[in-house]
Amino acid sequence: MSEDLYQEIILDHYKNPRGKKVEIDSLAQSYQVNPTCGDEVTVEVGQNPDGTLLVSYDGQGCSISQASASVMSELINGKTPAEAAPIQEAFMELMKSKGQLEPDEEVLEDAIAFAGVSKYPARIKCALISWMALSDAQIKAQLTATTTTRSG
Amino acid sequence: MSEDLYQEIILDHYKNPRGKKVEIDSLAQSYQVNPTCGDEVTVEVGQNPDGTLLVSYDGQGCSISQASASVMSELINGKTPAEAAPIQEAFMELMKSKGQLEPDEEVLEDAIAFAGVSKYPARIKCALISWMALSDAQIKAQLTATTTTRSG
Amino acid sequence: MFDVDKLRADFPILSREVRGVPLVYLDSGATSQKPTQVLDAERHFYETSNAAVHRGAHALAEEATDAYEAARQTIASFVGAQVEEIVFTKNATEGINLVAYAFSNATDKARQGIEVDRRFVVGPGDSIVVTEMEHHANLIPWQELCAKTGATLKWFGLTEEGRLDISPGVIDNTTKFVSVVHQSNLLGTINPVKKIMDMAHAVGALGMVDLCQSVPHMSVNVNELGADFASWSGHKMLGPTGIGILWGKSDLLNAMPPFLSGGSMIEMVHMDHSTYAPAPQRFEAGVPMAAQAIGLARACDYLNELGMDNVFLHEQELTAYALEELAKIPGVRVIGPTDMRDRGSAVSFVVEGIHPHDVGHLMDAKGVAVRVGHHCCWPTCRRFDVPATTRITTYIYNDKSDIDQAIAGIKSAQEFFGSGIAVSA
Amino acid sequence: MFDVDKLRADFPILSREVRGVPLVYLDSGATSQKPTQVLDAERHFYETSNAAVHRGAHALAEEATDAYEAARQTIASFVGAQVEEIVFTKNATEGINLVAYAFSNATDKARQGIEVDRRFVVGPGDSIVVTEMEHHANLIPWQELCAKTGATLKWFGLTEEGRLDISPGVIDNTTKFVSVVHQSNLLGTINPVKKIMDMAHAVGALGMVDLCQSVPHMSVNVNELGADFASWSGHKMLGPTGIGILWGKSDLLNAMPPFLSGGSMIEMVHMDHSTYAPAPQRFEAGVPMAAQAIGLARACDYLNELGMDNVFLHEQELTAYALEELAKIPGVRVIGPTDMRDRGSAVSFVVEGIHPHDVGHLMDAKGVAVRVGHHCCWPTCRRFDVPATTRITTYIYNDKSDIDQAIAGIKSAQEFFGSGIAVSA
Ligand SMILES: Cc1ncc(COP(=O)(O)O)c(C=O)c1O
Ligand SMILES: Cc1ncc(COP(=O)(O)O)c(C=O)c1O
């Protein structure tokens, strides 16, 4: 029953969220809401002295949205914007795939658990909301891959 | 072909309109328009010294609307409001009858020719427009049957 | 009473499978399914009499116009209205907006020195009153009206039980309009609308009732609401999508400026000015949704054959049963009245420790279609401090076994999230 | 080219009789007939996937939402648009009003100190430009906007031939908006809309084109119109009643305040304020006409199978033939261009000595369904000093024999009224 949706990894992240409400020196934040169900998430981003990203989030919502935020924070924290970009792209790709894509575990690690979500159009937004907040916060903080490239 | 609609009487009134654009000492007038086809009619009413009605009309429109105005003026001119009222009512009734009513020639005279029109919902308004203008002008001139009764 | 098993044959969709299991449709509060009779009526119109309504004199146009106006009569009779009080809209939302725009349009025109009915002119110092259980459709149009005119929005709050808290002082001498839902689509509460409309009239305000969740489920006579306007949708009462009704008192409809303007709503048109037809035509600009009106009239006939009192009784029984069964499940909290007094068939709940979205998803995995989210009543969710709810809504084609399936679905969600990790594989 | 005889089998209504004779349908300019394929698509949706679109997470709701959004994509592709530029409305009239209300709503909000896009704010000193050949649907909304804001309505007049008289000075620095019909539904004239839209843009105004009579009859790519907005109806292009399209550039749609407000067009809702979803959702409040959108998409597929260039050629042939035959009848005057340059398939005419209503009636008596009246272009009739016209409009299912029937009908009317009294019996 719904094994494709509620993977062990997802339930684990849901019950034991990583990186939630961590205090960071944030440069920007983004608040996102899913208007159909009311899920909310706020993502903050900052930068370590070595240029890698610091990510923290808070929010409320279903298991998918919460687990996705947890996986996202685990994957992105400590990566440079340039390292994060392909992961972010791969996750977006996966979510658009309607279950047709075999996710690359090398790149996505725990996030491969969300492959099944892409078969449920109404749940895709749940999985994406924290990732969208991350991108938005990065743009505000000018911590996107392209910005780094340009300024570097 | 369409014998039920275009009776000899109707064509005759259409080609030889009676009482159109007659100069009368009018007490009130009513302008009516059929918004679906643009037919227009203006009816004026006045009163003879003996209390009977004076009716004149002007307008443009299809054969049905023009013939109906002509028949109307012929029937109502020179009648007292009390005499006119049953004729007006009978004509309204006839138009609502969907072709189911046998018109009373005693009361309606030439107007019985419009019995067939009541089978064509889109043409009923054509036949009624001058009669509606008449009623409206009578109300404005206070020359309706009830007004007469009340004041008499 | 009617035979649910038998009438289910009129709804082919109900025998389909979803996710590999038989469908249990418990989302009629969002939209109802359509019986074959309604679909046939629409199709019959298209295949035999289709033409532009009120726009022609040829035989087909006459038949189409007759069919459309006969539909208006059937729908009027269904709620005890006069035929000229019935305006066709695309949905309830348009009907409510139509009335809200009567206010902003009249206010704009008054400012330009055009003569309008003063009852529709609002501005700073005036207030509009709604409630905290309104559907967004009966909230945002009034927020927008206030934003455009400087009027103030006020509202009745809710009791813990999910009833209106009709405190004095909300409706007062500043009130120009009061709009209230008859039955809440989230809480299920049936409101004392007559009392509220009387309060509105007592201060000289006009009033409206949102009938979206009442007309499909109980016998409603618009004259007994005490209201000036009412609006509801066809798609929640076995009718097609794309059709709704605005009911309004004729003298008020005729005192209102037009809303959508264009063909068929006019009397005379010049390049620089036009005059308007009387209601209901005034509010039906453009080629109308004729087939949908005819489908909706057939839906009224269908419901009349069942008897609206029977429909109500049937759903009362189901609702009582659902409340009973939900009460037996530990950790389930119903949002809205838990007894049957003044309550309809929408039953919202939350399950401790499981997000409503996950509850709904796991019910769906068992074929049970319920709605999750804020149900377009976001402020109501906030009032009860829940992010969302899971909602069961029933209709004529549901029976107790559907409720049993829903209950089983909830329990399976609890097991799943309770036991947790062992399930995937 | 396509086979008219063969495709007529898709339209059962075309084989019926009216007034005891076979129907000849020449009123597609008012509304088209619907092929079985379109009716089947609607029905299939209701019978298999019906649920409230964008309002649920269960299997049916997902399917319904997918079908609705896929329909949007099909319709977007049909006119070369981006999917997010397509707003579903109930008809073209609503689409035009939606844009007109963007102006009045933005103007109202600006007055209350709310930040709005200044391009939508109008007032005294500003002007809106239309033409003397507009359908009421593209005239009265602008009259109303002017009445509400104090702006001035201006218009391009017409030449004797029925073409736009594009005099300089009508569009000037006061112009804020220009709205023009692509093909006149009364005259048949096809207007140089790109040129007019360029004139509008040159003075900083926005522009709109009414595509009601072009999209059904020729290949239209919205990007080649030079316009910012466009609107048309589904029912004139083989689609169901109750659905229309507003096309708008995304940045403009997203700069506009909402029109109808309620469910599904929101981002966040509080009792005292709300924020709105981006377009197109912002303009689709309430449960939408899902089945109709799906039917309309199927109509686009049907037309694509025929090829829009073929549709255009077919009708050009019929129109040329009709004009030729009409020219042979003494006393018949065509209102609108009499040659085929920049002209579509609507052919209006008057017959000397016989009122258009009577001409239409006598044609109807022979089974020929044509429209009579002002065709919602009353000012255009006044311009040509006719009380009304009789109008022939064709579509894919018509052929020359239909035109022959119409011509025979006109001649019989002349005989009838000429010879006069001898006919009744
Ligand atoms: C040129 C034109 N514009 C606008 C309209 C209005 O379309 P609708 O009545 O479907 O809204 C029509 C048809 O009625 C038309 O022919
Ligand atoms: C109480 C209530 N009001 C208004 C609406 C809006 O109806 P619609 O979306 O059909 O316009 C609904 C349903 O969505 C409702 O349940």
# chains A, B, ... in the order shown; residues from 1 in each chain; ligands from 1
>>> interface_residues(of="chain D", to="chain C", cutoff="6 Å", atoms="only C-alpha atoms", output="PDB file with N, CA and C atoms, in the first residue's frame")
ATOM      1  N   PRO D  12     -25.229  15.097 -36.124  1.00  0.00           N
ATOM      2  CA  PRO D  12     -26.573  14.519 -36.311  1.00  0.00           C
ATOM      3  C   PRO D  12     -27.654  15.585 -36.517  1.00  0.00           C
ATOM      4  N   ILE D  13     -27.496  16.746 -35.886  1.00  0.00           N
ATOM      5  CA  ILE D  13     -28.551  17.763 -35.969  1.00  0.00           C
ATOM      6  C   ILE D  13     -28.776  18.209 -37.406  1.00  0.00           C
ATOM      7  N   ALA D  30     -23.533  32.797 -35.275  1.00  0.00           N
ATOM      8  CA  ALA D  30     -24.136  32.935 -33.936  1.00  0.00           C
ATOM      9  C   ALA D  30     -23.606  31.830 -33.029  1.00  0.00           C
ATOM     10  N   THR D  31     -23.744  30.593 -33.486  1.00  0.00           N
ATOM     11  CA  THR D  31     -23.122  29.470 -32.778  1.00  0.00           C
ATOM     12  C   THR D  31     -22.996  28.321 -33.759  1.00  0.00           C
ATOM     13  N   GLU D  47     -18.051  10.673 -17.255  1.00  0.00           N
ATOM     14  CA  GLU D  47     -18.302   9.283 -16.881  1.00  0.00           C
ATOM     15  C   GLU D  47     -17.079   8.572 -16.321  1.00  0.00           C
ATOM     16  N   THR D  48     -15.910   9.204 -16.473  1.00  0.00           N
ATOM     17  CA  THR D  48     -14.720   8.491 -16.000  1.00  0.00           C
ATOM     18  C   THR D  48     -13.853   9.275 -15.017  1.00  0.00           C
ATOM     19  N   ALA D  52     -13.703  17.825  -8.814  1.00  0.00           N
ATOM     20  CA  ALA D  52     -13.426  19.254  -8.793  1.00  0.00           C
ATOM     21  C   ALA D  52     -11.945  19.469  -9.114  1.00  0.00           C
ATOM     22  N   GLY D  56      -8.322  18.947  -5.130  1.00  0.00           N
ATOM     23  CA  GLY D  56      -8.264  17.714  -4.364  1.00  0.00           C
ATOM     24  C   GLY D  56      -7.012  16.955  -4.692  1.00  0.00           C
ATOM     25  N   HIS D  58      -7.117  13.353  -4.415  1.00  0.00           N
ATOM     26  CA  HIS D  58      -7.414  11.941  -4.678  1.00  0.00           C
ATOM     27  C   HIS D  58      -7.297  11.629  -6.164  1.00  0.00           C
ATOM     28  N   THR D  93     -17.440  37.317 -24.154  1.00  0.00           N
ATOM     29  CA  THR D  93     -17.937  38.499 -23.452  1.00  0.00           C
ATOM     30  C   THR D  93     -17.266  38.617 -22.086  1.00  0.00           C
ATOM     31  N   ASP D 108      -9.912  52.039  -9.127  1.00  0.00           N
ATOM     32  CA  ASP D 108     -10.498  52.122  -7.784  1.00  0.00           C
ATOM     33  C   ASP D 108      -9.437  51.930  -6.706  1.00  0.00           C
ATOM     34  N   LYS D 109      -8.589  50.926  -6.912  1.00  0.00           N
ATOM     35  CA  LYS D 109      -7.590  50.620  -5.892  1.00  0.00           C
ATOM     36  C   LYS D 109      -6.562  51.739  -5.778  1.00  0.00           C
ATOM     37  N   HIS D 136     -21.526  44.307 -29.646  1.00  0.00           N
ATOM     38  CA  HIS D 136     -21.821  44.934 -28.350  1.00  0.00           C
ATOM     39  C   HIS D 136     -20.867  44.459 -27.255  1.00  0.00           C
ATOM     40  N   ALA D 137     -20.409  43.218 -27.385  1.00  0.00           N
ATOM     41  CA  ALA D 137     -19.511  42.653 -26.375  1.00  0.00           C
ATOM     42  C   ALA D 137     -18.184  43.398 -26.318  1.00  0.00           C
ATOM     43  N   ILE D 140     -19.849  47.804 -25.198  1.00  0.00           N
ATOM     44  CA  ILE D 140     -20.483  48.227 -23.946  1.00  0.00           C
ATOM     45  C   ILE D 140     -19.548  48.125 -22.739  1.00  0.00           C
ATOM     46  N   PRO D 141     -18.694  47.091 -22.645  1.00  0.00           N
ATOM     47  CA  PRO D 141     -17.764  47.082 -21.496  1.00  0.00           C
ATOM     48  C   PRO D 141     -16.902  48.341 -21.452  1.00  0.00           C
ATOM     49  N   LYS D 148     -17.682  54.782 -15.581  1.00  0.00           N
ATOM     50  CA  LYS D 148     -17.254  54.617 -14.188  1.00  0.00           C
ATOM     51  C   LYS D 148     -16.028  55.445 -13.841  1.00  0.00           C
ATOM     52  N   THR D 241     -21.187  25.071 -25.312  1.00  0.00           N
ATOM     53  CA  THR D 241     -21.557  26.365 -24.756  1.00  0.00           C
ATOM     54  C   THR D 241     -20.873  26.493 -23.385  1.00  0.00           C
ATOM     55  N   GLY D 242     -20.759  27.727 -22.905  1.00  0.00           N
ATOM     56  CA  GLY D 242     -20.260  27.940 -21.549  1.00  0.00           C
ATOM     57  C   GLY D 242     -18.758  27.939 -21.417  1.00  0.00           C
ATOM     58  N   SER D 261     -13.329  36.913  -7.752  1.00  0.00           N
ATOM     59  CA  SER D 261     -12.480  36.396  -6.691  1.00  0.00           C
ATOM     60  C   SER D 261     -13.204  35.311  -5.921  1.00  0.00           C
ATOM     61  N   GLY D 262     -12.434  34.439  -5.277  1.00  0.00           N
ATOM     62  CA  GLY D 262     -13.013  33.311  -4.555  1.00  0.00           C
ATOM     63  C   GLY D 262     -12.004  32.187  -4.456  1.00  0.00           C
ATOM     64  N   GLY D 263     -12.484  30.955  -4.515  1.00  0.00           N
ATOM     65  CA  GLY D 263     -11.593  29.814  -4.388  1.00  0.00           C
ATOM     66  C   GLY D 263     -10.701  29.651  -5.603  1.00  0.00           C
ATOM     67  N   HIS D 270      -6.494  35.540   4.650  1.00  0.00           N
ATOM     68  CA  HIS D 270      -6.814  35.875   6.026  1.00  0.00           C
ATOM     69  C   HIS D 270      -8.165  36.577   6.021  1.00  0.00           C
ATOM     70  N   GLY D 286     -13.420  29.830  -8.499  1.00  0.00           N
ATOM     71  CA  GLY D 286     -14.533  28.891  -8.454  1.00  0.00           C
ATOM     72  C   GLY D 286     -14.221  27.612  -9.196  1.00  0.00           C
ATOM     73  N   MET D 289     -15.334  25.263 -15.534  1.00  0.00           N
ATOM     74  CA  MET D 289     -16.095  24.492 -16.522  1.00  0.00           C
ATOM     75  C   MET D 289     -15.161  23.461 -17.139  1.00  0.00           C
ATOM     76  N   ASP D 364     -36.656  30.764 -43.305  1.00  0.00           N
ATOM     77  CA  ASP D 364     -36.859  29.744 -42.265  1.00  0.00           C
ATOM     78  C   ASP D 364     -37.994  28.797 -42.651  1.00  0.00           C
ATOM     79  N   ALA D 369     -31.936  28.327 -41.921  1.00  0.00           N
ATOM     80  CA  ALA D 369     -31.740  29.060 -40.670  1.00  0.00           C
ATOM     81  C   ALA D 369     -30.690  30.142 -40.871  1.00  0.00           C
ATOM     82  N   ARG D 371     -29.661  34.367 -39.531  1.00  0.00           N
ATOM     83  CA  ARG D 371     -29.977  35.282 -38.446  1.00  0.00           C
ATOM     84  C   ARG D 371     -30.500  36.598 -38.996  1.00  0.00           C
ATOM     85  N   CYS D 376     -26.161  42.161 -32.710  1.00  0.00           N
ATOM     86  CA  CYS D 376     -25.371  42.772 -31.623  1.00  0.00           C
ATOM     87  C   CYS D 376     -24.385  43.808 -32.174  1.00  0.00           C
ATOM     88  N   PRO D 379     -24.974  49.869 -33.656  1.00  0.00           N
ATOM     89  CA  PRO D 379     -24.405  51.078 -34.277  1.00  0.00           C
ATOM     90  C   PRO D 379     -23.963  50.847 -35.728  1.00  0.00           C
TER      91      PRO D 379
END
>>> residues_around(residues="range 295-299 of chain D", least_positions_apart="5", cutoff="7 Å", atoms="only C-alpha atoms", output="PDB file with C-alpha atoms, in the first residue's frame")
ATOM      1  CA  VAL D  38     -16.790  16.844 -28.948  1.00  0.00           C
ATOM      2  CA  LEU D  39     -19.912  15.570 -27.213  1.00  0.00           C
ATOM      3  CA  ALA D  41     -15.153  13.904 -25.090  1.00  0.00           C
ATOM      4  CA  GLU D  42     -17.294  15.832 -22.604  1.00  0.00           C
ATOM      5  CA  ALA D  71      -7.083  20.941 -22.562  1.00  0.00           C
ATOM      6  CA  THR D  74      -4.195  21.958 -26.614  1.00  0.00           C
ATOM      7  CA  ILE D  75      -6.068  25.231 -26.921  1.00  0.00           C
ATOM      8  CA  GLY D 234     -15.726  28.030 -27.786  1.00  0.00           C
ATOM      9  CA  MET D 237     -15.774  26.738 -33.107  1.00  0.00           C
ATOM     10  CA  LEU D 238     -17.488  23.366 -32.597  1.00  0.00           C
ATOM     11  CA  GLY D 239     -17.036  23.560 -28.832  1.00  0.00           C
ATOM     12  CA  PRO D 240     -19.618  23.383 -26.040  1.00  0.00           C
TER      13      PRO D 240
END
>>> select_by_dssp(residues="range 362-417 of chain D", states="helix (DSSP H, G or I)", output="ChimeraX atom specification")
/D:362-365,378-383,400-417
>>> residues_around(residues="Pro86 in chain B", least_positions_apart="5", cutoff="10 Å", atoms="only C-alpha atoms", output="PyMOL selection string")
chain B and resi 81+91-92+107-108+145
>>> write_last_selection(atoms="N, CA and C atoms", output="CSV table (one decimal), in the first residue's frame")
chain,number,residue,atom,x,y,z
B,81,PRO,N,-61.9,53.8,-22.9
B,81,PRO,CA,-60.9,52.9,-22.2
B,81,PRO,C,-61.6,51.6,-21.8
B,91,PHE,N,-56.1,40.3,-26.9
B,91,PHE,CA,-55.0,40.2,-27.8
B,91,PHE,C,-53.7,39.6,-27.1
B,92,MET,N,-53.5,40.1,-25.9
B,92,MET,CA,-52.4,39.6,-25.1
B,92,MET,C,-52.5,38.1,-24.9
B,107,VAL,N,-64.7,40.0,-30.7
B,107,VAL,CA,-63.9,40.9,-29.9
B,107,VAL,C,-62.7,41.5,-30.7
B,108,LEU,N,-62.0,40.6,-31.4
B,108,LEU,CA,-60.7,40.9,-32.0
B,108,LEU,C,-60.7,41.4,-33.4
B,145,ALA,N,-58.6,51.7,-18.2
B,145,ALA,CA,-60.0,51.4,-17.8
B,145,ALA,C,-60.2,51.6,-16.3
>>> calpha_fit_and_write(fixed="chain A", moving="chain B", output="short mmCIF file (atom, residue, chain, number, x, y, z; two decimals) with C-alpha atoms, in the first residue's frame")
data_model
loop_
_atom_site.label_atom_id
_atom_site.label_comp_id
_atom_site.auth_asym_id
_atom_site.auth_seq_id
_atom_site.Cartn_x
_atom_site.Cartn_y
_atom_site.Cartn_z
CA MET B 1 0.00 0.04 0.03
CA SER B 2 1.46 3.29 -1.18
CA GLU B 3 4.93 1.81 -0.86
CA ASP B 4 5.97 3.91 -3.80
CA LEU B 5 5.07 7.08 -1.94
CA TYR B 6 5.92 6.52 1.67
CA GLN B 7 9.44 5.09 1.46
CA GLU B 8 11.28 4.16 4.62
CA ILE B 9 13.63 7.07 4.01
CA ILE B 10 10.75 9.53 3.84
CA LEU B 11 9.14 8.33 7.03
CA ASP B 12 12.48 8.42 8.76
CA HIS B 13 13.11 12.04 7.73
CA TYR B 14 9.54 12.92 8.66
CA LYS B 15 9.89 11.48 12.15
CA ASN B 16 13.47 12.64 12.67
CA PRO B 17 13.86 15.85 10.73
CA ARG B 18 17.44 17.00 10.13
CA GLY B 19 18.45 20.65 10.12
CA LYS B 20 15.03 21.99 11.17
CA LYS B 21 15.01 25.30 13.05
CA VAL B 22 18.82 25.37 13.26
CA GLU B 23 20.11 28.82 14.19
CA ILE B 24 22.23 30.16 11.37
CA ASP B 25 23.63 33.48 10.36
CA SER B 26 21.22 33.94 7.51
CA LEU B 27 21.69 36.21 4.50
CA ALA B 28 18.19 35.75 3.16
CA GLN B 29 15.05 33.78 3.67
CA SER B 30 12.08 32.70 1.62
CA TYR B 31 8.59 31.89 2.78
CA GLN B 32 6.54 29.61 0.53
CA VAL B 33 3.03 28.34 0.84
CA ASN B 34 1.06 25.71 -1.00
CA PRO B 35 -2.27 27.45 -1.56
CA THR B 36 -4.20 24.22 -2.14
CA CYS B 37 -3.38 22.60 1.20
CA GLY B 38 -1.88 25.30 3.39
CA ASP B 39 1.59 23.75 3.75
CA GLU B 40 4.08 26.42 4.72
CA VAL B 41 7.87 26.49 4.76
CA THR B 42 10.50 29.12 5.43
CA VAL B 43 14.04 28.46 4.26
CA GLU B 44 17.03 30.55 5.37
CA VAL B 45 20.40 30.50 3.69
CA GLY B 46 23.79 31.75 4.84
CA GLN B 47 27.38 31.13 3.90
CA ASN B 48 30.26 29.49 5.72
CA PRO B 49 33.66 31.19 5.60
CA ASP B 50 34.75 28.61 2.99
CA GLY B 51 31.93 29.72 0.69
CA THR B 52 29.72 26.67 1.24
CA LEU B 53 26.02 27.04 1.97
CA LEU B 54 24.33 27.08 5.34
CA VAL B 55 20.67 26.03 5.20
CA SER B 56 17.95 26.05 7.83
CA TYR B 57 14.23 25.61 7.51
CA ASP B 58 11.02 25.71 9.46
CA GLY B 59 7.49 24.86 8.48
CA GLN B 60 4.47 22.68 8.85
CA GLY B 61 2.85 20.32 6.48
CA CYS B 62 2.44 16.75 5.38
CA SER B 63 5.06 14.03 5.66
CA ILE B 64 6.20 14.57 2.10
CA SER B 65 6.82 18.29 2.49
CA GLN B 66 8.50 17.89 5.84
CA ALA B 67 10.70 14.98 4.81
CA SER B 68 11.64 16.75 1.61
CA ALA B 69 12.80 19.80 3.55
CA SER B 70 14.85 17.59 5.84
CA VAL B 71 16.47 15.75 2.93
CA MET B 72 17.07 19.05 1.20
CA SER B 73 18.85 20.56 4.17
CA GLU B 74 20.99 17.45 4.62
CA LEU B 75 21.99 17.42 0.96
CA ILE B 76 22.68 21.10 0.47
CA ASN B 77 24.22 22.12 3.77
CA GLY B 78 27.96 22.48 3.38
CA LYS B 79 27.93 22.34 -0.42
CA THR B 80 29.14 25.23 -2.52
CA PRO B 81 26.50 26.83 -4.73
CA ALA B 82 28.18 25.19 -7.72
CA GLU B 83 28.02 21.78 -6.08
CA ALA B 84 24.42 22.31 -5.00
CA ALA B 85 23.13 23.40 -8.41
CA PRO B 86 23.19 19.97 -10.14
CA ILE B 87 21.49 18.39 -7.13
CA GLN B 88 18.75 20.99 -7.18
CA GLU B 89 18.32 20.53 -10.91
CA ALA B 90 18.22 16.77 -10.64
CA PHE B 91 15.54 16.97 -7.97
CA MET B 92 13.38 19.27 -10.08
CA GLU B 93 13.81 16.93 -13.05
CA LEU B 94 12.84 13.94 -10.95
CA MET B 95 9.68 15.65 -9.73
CA LYS B 96 8.62 16.44 -13.29
CA SER B 97 9.23 12.88 -14.46
CA LYS B 98 5.80 11.38 -13.71
CA GLY B 99 7.56 8.32 -12.36
CA GLN B 100 9.38 7.75 -15.66
CA LEU B 101 12.89 8.64 -14.48
CA GLU B 102 15.37 6.36 -12.73
CA PRO B 103 16.94 8.75 -10.20
CA ASP B 104 20.72 8.95 -9.92
CA GLU B 105 21.64 7.93 -6.37
CA GLU B 106 25.14 9.34 -6.79
CA VAL B 107 23.69 12.81 -7.11
CA LEU B 108 20.45 12.66 -5.14
CA GLU B 109 21.31 10.32 -2.23
CA ASP B 110 18.28 10.12 0.12
CA ALA B 111 16.27 12.30 -2.26
CA ILE B 112 15.81 9.32 -4.59
CA ALA B 113 13.07 8.25 -2.19
CA PHE B 114 10.86 10.95 -3.72
CA ALA B 115 10.82 9.28 -7.15
CA GLY B 116 7.43 7.77 -6.34
CA VAL B 117 5.96 11.15 -5.45
CA SER B 118 6.29 12.27 -9.05
CA LYS B 119 3.49 9.87 -9.92
CA TYR B 120 1.04 11.85 -7.78
CA PRO B 121 0.57 15.27 -9.37
CA ALA B 122 -1.15 16.65 -6.29
CA ARG B 123 1.79 15.74 -4.06
CA ILE B 124 4.61 17.04 -6.27
CA LYS B 125 4.16 20.52 -4.88
CA CYS B 126 4.56 19.10 -1.37
CA ALA B 127 7.93 17.67 -2.27
CA LEU B 128 9.04 20.77 -4.12
CA ILE B 129 8.01 23.52 -1.76
CA SER B 130 11.19 23.59 0.34
CA TRP B 131 13.37 23.31 -2.73
CA MET B 132 11.59 26.25 -4.29
CA ALA B 133 12.06 28.24 -1.10
CA LEU B 134 15.76 27.34 -1.19
CA SER B 135 16.19 28.59 -4.76
CA ASP B 136 14.33 31.76 -3.96
CA ALA B 137 16.40 32.43 -0.83
CA GLN B 138 19.60 31.76 -2.79
CA ILE B 139 18.61 34.30 -5.41
CA LYS B 140 17.87 36.88 -2.73
CA ALA B 141 21.19 36.14 -1.01
CA GLN B 142 22.98 36.08 -4.36
CA LEU B 143 24.27 32.62 -3.57
CA THR B 144 23.32 30.86 -6.76
CA ALA B 145 25.80 29.01 -8.91
CA THR B 146 25.67 31.54 -11.71
CA THR B 147 26.12 34.49 -9.38
CA THR B 148 29.19 32.81 -7.93
CA THR B 149 30.56 32.13 -11.37
CA ARG B 150 29.99 35.69 -12.47
CA SER B 151 31.55 37.23 -9.42
CA GLY B 152 34.37 34.64 -9.34
#
>>> atom_distance(atom1="CA of Gln73 in chain C", atom2="CA of Ile294 in chain C")
10.6 Å
>>> select_by_dssp(residues="range 213-335 of chain C", states="strand (DSSP E or B)", output="VMD selection string")
chain C and resid 229 to 233 244 to 248 266 to 269 274 to 276 332 to 335
>>> atom_distance(atom1="CA of Ala255 in chain D", atom2="CA of Asp210 in chain D")
21.1 Å
>>> atom_distance(atom1="CA of Ser179 in chain D", atom2="CA of Ile128 in chain D")
8.0 Å
>>> closest_residue(among="D:Asp228, D:Asp385, D:Asp358, D:Asp5", to="chain B", atoms="only C-alpha atoms")
D:Asp358
